[in-house]
Amino acid sequence: MDDSSAGRSQGTAMTRRGLLQKGGGAAVGLGLVGFLTWVGVRSADAIPVWAVRPPGALPEPDFLGTCLRCGLCVRACPYDILTLAETGSGVAPGTPYFMPRKAPCEMCPEIPCVKACPSGALDHGLTDIAKARMGLAVLADQETCLAFLGLRCEVCFQVCPVMNKAITLEMRPNLRSGKHVHFLPTVHSEHCTGCGKCEKGCVLEEAAIRVFPHATVKGSLGKHYRVGWEEKKKAGHALIPEPLSMPVRRPGDGSALHPESFTLPGHLPGEGP
Amino acid sequence: MKKPMAGEEAIEKKGWWSAHRWLVWRRLSQVGVLGLFLLGPALDVWLIQGNLSASLFLDTLPMTDPLLFLQLLATSGMPATQAVLGFVVVLVLYGLLGGRLFCSWVCPVNPITDLAGWMRRRFGISGGWRGDRRIRYAVFLAVVVSAGLSGLMVWEWINPMSLLHRGLIFGVWSGWLAVVGIFLFDLILSPHGWCGRLCPTGAVYALLGRRTPLAVSAVRRDACTDCRACHQVCPEAAVIDPALKGAVKGVGPRITGMECTRCGRCIDVCPDEVFEFDFHLPNISRVVP
């Protein structure tokens, strides 16, 4: 017995039943819209810090609205680094990601994963892999980084595919020994693709340098901020007249001060040295 | 008195094969489609890549799940070319074969709900919620609207069809909870509850298949003895009678209800061989009065 025969036997009750059922449909629909919107709001946050999207991925909310969860990028990756997320993993179920410490992006010049994406969730406008911005490497732990301990490790610098641009070694005096130099790996967001080679290469038990989503780590100057020396370079000259010769204000040197306005302990106002 | 299981009489009259032919073909099709997708990851033979959400056949022919495509339209406006082409391919393919042919011949959820339906009949479980079958269209609207509102494909967090298929192809296991849920829902709470009442993917395929060349037809309907075996097995029983009992109203024998999944089970279980598959392209002269 199915509902078709049940329906026929009900005869005149059909209209009331029909009305109830129509209401049921609307209720199910509205309930579902509410539930799904709640799911969406809860999950629209940025991707978890341990996961990195493939190259060319749209910004996270757009990505979640465009990715079909088909896994064609996973199949296209010749190094098999991409995974589709499990339900409840923190990454939206079925969407692709990789974990750099396990296997970083090898930055294929042809970018097959992007080409394979049918929906444009991986932006087909990305044709130069050096322009990919999967995340941003950050030297997250200066306490364990060997360079900060004064050793010449440099592995992250050496393995970086955008060598000497995305990571440079900045020399700083080693104040502990008093005679050596720290070669400190320094990431430049302008060039870092977020491939994660540095995180993979870090020789420590747990990587000191890690790739994070830009939104998690990138600071932003206030819009009104100008860096003086850059403005000076742009203008080709100083923006203010050459330094005024300012008086040296030094306790005990009353020459540049109006004695009335300055008081030293043990002196009475107006009393010169 | 216990009613005979649907198909028993057909087996007696026609033999086992004739009473199970389309069921066997259908299971082979379901296993075959899954096998085709698994050839790649299992044996490194890449005939088809991706999954039922979106795929690429022989590196050239794309296919896109129409519900996902509509969500994509709702969230992002104009999707990339391959997704559009894939949608057009699906539109043509299932426009010809009958939209919900997908449901019974391809979809991996079907064996699960079929099993639940079979167990219901076998163990005489008859109760449960029988909501209006049009609710699926409300669910479909809700899925698209919530995608539009949130800008995210929120349905894909819980879509059992894609969770299951992706799980099988990509070894992502956690989505199976949804599948167990659907089985229990169909078995205990609602007969044909998921595929027949709620699934929005089925709703989209139904809309795609409003007028299709391939349909089941009750060609020998005058031989019907009202045993109702077809009604017992049909997942969308409401589509049968307009055609089967249409002679008095001058309605043709083709089953034209868009919810028909073309599973062919009615052909199998009918002891009087009333039904058969019928393929013909729409003939203009037929609609002229």
# chains A, B, ... in the order shown; residues from 1 in each chain; ligands from 1
call {"tool": "residues_around", "arguments": {"residues": "Pro104 of chain A", "least_positions_apart": "4", "cutoff": "6 Å", "atoms": "only C-alpha atoms", "output": "PyMOL selection string"}}
result
chain A and resi 100+195-197
call {"tool": "interface_residues", "arguments": {"of": "chain B", "to": "chain A", "cutoff": "7 Å", "atoms": "only C-alpha atoms", "output": "ChimeraX atom specification"}}
result
/B:49-51,53-55,68,72,75-76,79-80,82-83,130-132,135,138-139,142-143,146,150-155,157,172,174-175,231-232,237-238
call {"tool": "select_by_dssp", "arguments": {"residues": "segment 12-229 of chain B", "states": "strand (DSSP E or B)", "output": "VMD selection string"}}
result
chain B and resid 48 to 51 54 to 57 61 to 64 214 to 217
call {"tool": "write_last_selection", "arguments": {"atoms": "C-alpha atoms", "output": "short mmCIF file (atom, residue, chain, number, x, y, z; two decimals), in the first residue's frame"}}
result
data_model
loop_
_atom_site.label_atom_id
_atom_site.label_comp_id
_atom_site.auth_asym_id
_atom_site.auth_seq_id
_atom_site.Cartn_x
_atom_site.Cartn_y
_atom_site.Cartn_z
CA ILE B 48 36.33 9.45 -15.38
CA GLN B 49 37.57 11.85 -12.71
CA GLY B 50 35.84 13.75 -9.97
CA ASN B 51 32.56 12.60 -8.47
CA ALA B 54 31.16 17.39 -11.04
CA SER B 55 33.20 15.08 -13.22
CA LEU B 56 35.27 14.86 -16.35
CA PHE B 57 34.89 11.83 -18.67
CA LEU B 61 33.28 15.50 -21.39
CA PRO B 62 32.33 17.44 -18.26
CA MET B 63 29.22 16.81 -16.19
CA THR B 64 27.86 18.96 -13.39
CA LEU B 214 12.18 7.48 -22.57
CA ALA B 215 9.29 6.40 -20.37
CA VAL B 216 7.57 3.31 -19.05
CA SER B 217 4.35 2.62 -20.86
#
call {"tool": "residues_around", "arguments": {"residues": "Arg121 of chain B", "least_positions_apart": "4", "cutoff": "12 Å", "atoms": "only C-alpha atoms", "output": "NGL selection string"}}
result
(:A and (1-2)) or (:B and (2-7 or 114-117 or 125-127 or 186-188 or 191-192 or 229 or 231-234))
call {"tool": "write_last_selection", "arguments": {"atoms": "C-alpha atoms", "output": "PDB file, in the first residue's frame"}}
result
ATOM      1  CA  MET A   1       0.000   0.000   0.000  1.00  0.00           C
ATOM      2  CA  ASP A   2       1.315   3.377  -0.837  1.00  0.00           C
TER       3      ASP A   2
ATOM      4  CA  LYS B   2      -0.633 -12.178   4.603  1.00  0.00           C
ATOM      5  CA  LYS B   3      -0.500 -10.654   1.166  1.00  0.00           C
ATOM      6  CA  PRO B   4       1.999 -12.253  -1.218  1.00  0.00           C
ATOM      7  CA  MET B   5       5.194 -10.253  -1.709  1.00  0.00           C
ATOM      8  CA  ALA B   6       5.088  -8.220  -4.875  1.00  0.00           C
ATOM      9  CA  GLY B   7       6.677 -10.170  -7.682  1.00  0.00           C
ATOM     10  CA  ASP B 114      15.650   0.446  -1.855  1.00  0.00           C
ATOM     11  CA  LEU B 115      16.977  -1.813   0.878  1.00  0.00           C
ATOM     12  CA  ALA B 116      14.939   0.080   3.451  1.00  0.00           C
ATOM     13  CA  GLY B 117      11.850  -0.230   1.227  1.00  0.00           C
ATOM     14  CA  ILE B 125       6.627  -2.334   8.558  1.00  0.00           C
ATOM     15  CA  SER B 126       3.819  -0.119   7.346  1.00  0.00           C
ATOM     16  CA  GLY B 127       3.561   2.980   9.540  1.00  0.00           C
ATOM     17  CA  ASP B 186      13.213   5.369   5.381  1.00  0.00           C
ATOM     18  CA  LEU B 187      12.969   2.126   7.329  1.00  0.00           C
ATOM     19  CA  ILE B 188      11.321   3.387  10.505  1.00  0.00           C
ATOM     20  CA  PRO B 191       8.232   4.960   3.621  1.00  0.00           C
ATOM     21  CA  HIS B 192      10.162   6.220   0.575  1.00  0.00           C
ATOM     22  CA  ALA B 229       2.007  -5.511  -7.402  1.00  0.00           C
ATOM     23  CA  HIS B 231       1.957  -0.154  -6.610  1.00  0.00           C
ATOM     24  CA  GLN B 232       3.694  -2.181  -3.931  1.00  0.00           C
ATOM     25  CA  VAL B 233       7.135  -1.813  -5.461  1.00  0.00           C
ATOM     26  CA  CYS B 234       6.862   1.582  -7.112  1.00  0.00           C
TER      27      CYS B 234
END
call {"tool": "residues_around", "arguments": {"residues": "Ala223 of chain B", "least_positions_apart": "5", "cutoff": "12 Å", "atoms": "only C-alpha atoms", "output": "ChimeraX atom specification"}}
result
/B:218,244-245,270-275
call {"tool": "write_last_selection", "arguments": {"atoms": "C-alpha atoms", "output": "compact mmCIF listing (two decimals), in the first residue's frame"}}
result
# COMPACT_ATOMS: atom_id res chain seq x y z
CA ALA B 218 1.37 0.51 -19.77
CA LEU B 244 -2.68 2.42 -16.19
CA LYS B 245 -6.28 3.49 -15.60
CA CYS B 270 3.72 -7.37 -13.31
CA PRO B 271 2.62 -10.96 -13.86
CA ASP B 272 0.53 -9.92 -16.87
CA GLU B 273 3.31 -8.05 -18.69
CA VAL B 274 1.36 -4.83 -18.84
CA PHE B 275 4.38 -2.49 -18.83
call {"tool": "atom_distance", "arguments": {"atom1": "atom CA of Ala147 of chain B", "atom2": "atom CA of Pro54 of chain A"}}
result
23.1 Å
call {"tool": "residues_around", "arguments": {"residues": "Glu154 of chain A", "least_positions_apart": "2", "cutoff": "12 Å", "atoms": "only C-alpha atoms", "output": "short mmCIF file (atom, residue, chain, number, x, y, z; two decimals) with C-alpha atoms, in the first residue's frame"}}
result
data_model
loop_
_atom_site.label_atom_id
_atom_site.label_comp_id
_atom_site.auth_asym_id
_atom_site.auth_seq_id
_atom_site.Cartn_x
_atom_site.Cartn_y
_atom_site.Cartn_z
CA CYS A 145 64.30 28.79 15.46
CA LEU A 146 67.97 27.81 15.13
CA ALA A 147 68.84 31.10 13.43
CA PHE A 148 67.59 32.96 16.46
CA GLY A 150 72.70 31.87 16.64
CA LEU A 151 73.18 28.83 14.41
CA ARG A 152 73.45 29.07 10.66
CA CYS A 156 63.88 27.52 5.06
CA PHE A 157 65.82 30.12 3.09
CA GLN A 158 67.42 27.44 0.92
CA VAL A 159 64.24 25.49 0.11
CA CYS A 160 62.11 28.53 -0.68
CA MET A 163 64.58 32.23 -2.95
CA ASN A 164 66.00 35.41 -1.58
CA ILE A 167 62.58 34.74 2.55
CA THR A 168 65.73 36.77 3.03
CA LEU A 169 68.39 36.41 5.68
CA GLU A 170 68.74 39.59 7.69
CA HIS A 182 72.45 36.14 13.49
CA PHE A 183 71.23 35.33 9.98
CA LEU A 184 67.52 35.72 10.60
CA PRO A 185 65.07 34.29 8.04
CA THR A 186 62.63 37.06 7.24
CA CYS A 198 59.78 26.25 4.41
CA GLY A 201 61.83 21.89 5.42
CA CYS A 202 62.20 23.26 8.96
CA VAL A 203 64.56 20.88 10.74
CA ILE A 209 58.19 28.67 10.46
#
call {"tool": "residues_around", "arguments": {"residues": "Thr193 of chain A", "least_positions_apart": "5", "cutoff": "7 Å", "atoms": "only C-alpha atoms", "output": "mmCIF file with C-alpha atoms, in the first residue's frame"}}
result
data_model
loop_
_atom_site.group_PDB
_atom_site.id
_atom_site.type_symbol
_atom_site.label_atom_id
_atom_site.label_comp_id
_atom_site.auth_asym_id
_atom_site.auth_seq_id
_atom_site.Cartn_x
_atom_site.Cartn_y
_atom_site.Cartn_z
ATOM 1 C CA ALA A 130 54.732 32.790 -8.322
ATOM 2 C CA LYS A 131 51.661 35.017 -8.006
ATOM 3 C CA ALA A 132 49.781 32.409 -5.959
ATOM 4 C CA ARG A 133 48.938 33.487 -2.418
ATOM 5 C CA MET A 134 47.887 30.279 -0.678
ATOM 6 C CA GLY A 135 48.863 31.642 2.692
ATOM 7 C CA LEU A 136 51.707 33.477 4.315
#
